[in-house]
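Right, one structure below, let's go through it.
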Amino acid sequence: MILTLIQLVQKRLYQFAEFVKSEKQAFVDYQPFGKEQRKLDVQPLMLKEFNNRWFLLCFDNSTQWFSNLPLDRIVGKPRSNNKEIEIAKLAELKGLLKHMYGVSFPEIGESPQTIEFEISPGRKPYLETKPIHFSQRIVEENGRFFVKLLLFVSRELISHLLSYGDDLIVKGPEAFKVKEVYRDWE
């Protein structure tokens with residue numbers, strides 16, 4: 001029987017939900033786009049949906065840092081390595097998630113930044129009723145609206161802010177201004 005992508009993700013979701021509940025570490029076979037398949041030794045900590053895709057948020061025992069693995073790129077069943085997860089890693093993950101937009105983890109030692117931008121008056125109601133992040137603050141100054149977020153800079157955040165087009169002007173930090181972002185991606 002051929003599984004559809006949705007059935008495959010549902011199956012992976014169930015399999016990893018069981019690993020997360022069992023608090024056991026796992027070996028997984030991961031197939032990134034355009035690269036060779038690799039075997040990973042991970043501590044499955046949480047499942048998260050972002051932008052209509054499910055991810056396993058885990059601690060990679062090889063790199064000694066957190067990783068996100070899209071469930072649709074995991075090949076085969078996860079296998080237990082018979083070790084317990086380190087509960088401290090789950091607490092550390094939760095701390096990182098408080099300042100993340102999306103699923104991309106910051107570099108080791110990176111700190112969240114205050115992202116400031118001006119938003120057009122027409123977009124203000126949208127940001128009030130659907131905030132970008134719980135850290136969001138909107139301040140009005142002389143009829144202009146300024147937004148502050150305390151987040152790690154990520155591709156998901158950049159993509160989201162770029163979706164506002166001319167309705168948004170980044171004020172800081174300096175390295176985050178859109179022209180700088182484009183240069184970094186070239």
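We label chains A, B, ... in the order they appear in the structure tokens, count residues from 1 in each chain, and number ligands from 1 in the order shown.
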**Request:** Could you give me the residues within range 107-159 of chain A that DSSP places in strand (DSSP E or B), as a PyMOL selection string?
**Result:** chain A and resi 113-119+137-141+144-151
**Request:** Determine, counting only C-alpha atoms, which protein, DNA and RNA residues have an atom within 10 Å of an atom of Val20 in chain A; residues of the same chain fewer than 3 positions away are not included. Present the result as JSON, numbers by chain.
**Result:** {"A": [14, 15, 16, 17, 23, 24, 25, 26, 43, 44, 45, 46, 47, 56, 57, 58, 85]}
**Asked** At what distance in Å, to one decimal, does CA of His160 in chain A lie from CA of Pro106 in chain A?
**Response**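 One can read the CA of Pro106 in chain A to CA of His160 in chain A distance as 17.1 Å.
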**Pick from A:Leu93, A:Ile74, A:Leu157, A:Val28 nearest to Phe59 in chain A, counting only C-alpha atoms** = A:Leu93
**Request:** Compile the contact shell of range 144-154 of chain A as a PyMOL selection string: residues with an atom at most 7 Å away, counting only C-alpha atoms, same-chain residues fewer than 4 positions apart removed.
**Result:** chain A and resi 99-100+104+106+111-121+135-140+158
**Request:** Apply DSSP to the structure's backbone, then extract all residues of chain A labelled alpha helix (DSSP H) and return them as a PyMOL selection string.
**Result:** chain A and resi 5-22+87-97+124-129+155-162+178-185
**Residue among A:Ile169, A:Val75, A:Ile87, A:Leu40 lying closest to Leu8 in chain A, counting only C-alpha atoms** =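 For Leu8 in chain A, the nearest of the given residues is A:Val75.
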**Prompt:** Smallest atom-to-atom distance to Pro32 in chain A: which of A:His133, A:Arg73, A:Arg155, A:Lys11, using only C-alpha atoms?
**Reply:**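 With only C-alpha atoms as the atom set, the closest residue is A:Arg73.
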**Prompt:** Separation of CA of Pro78 in chain A and CA of Phe105 in chain A, in Å?
**Reply:**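 Taking CA of Pro78 in chain A as the start and CA of Phe105 in chain A as the end point, the length is 22.1 Å.
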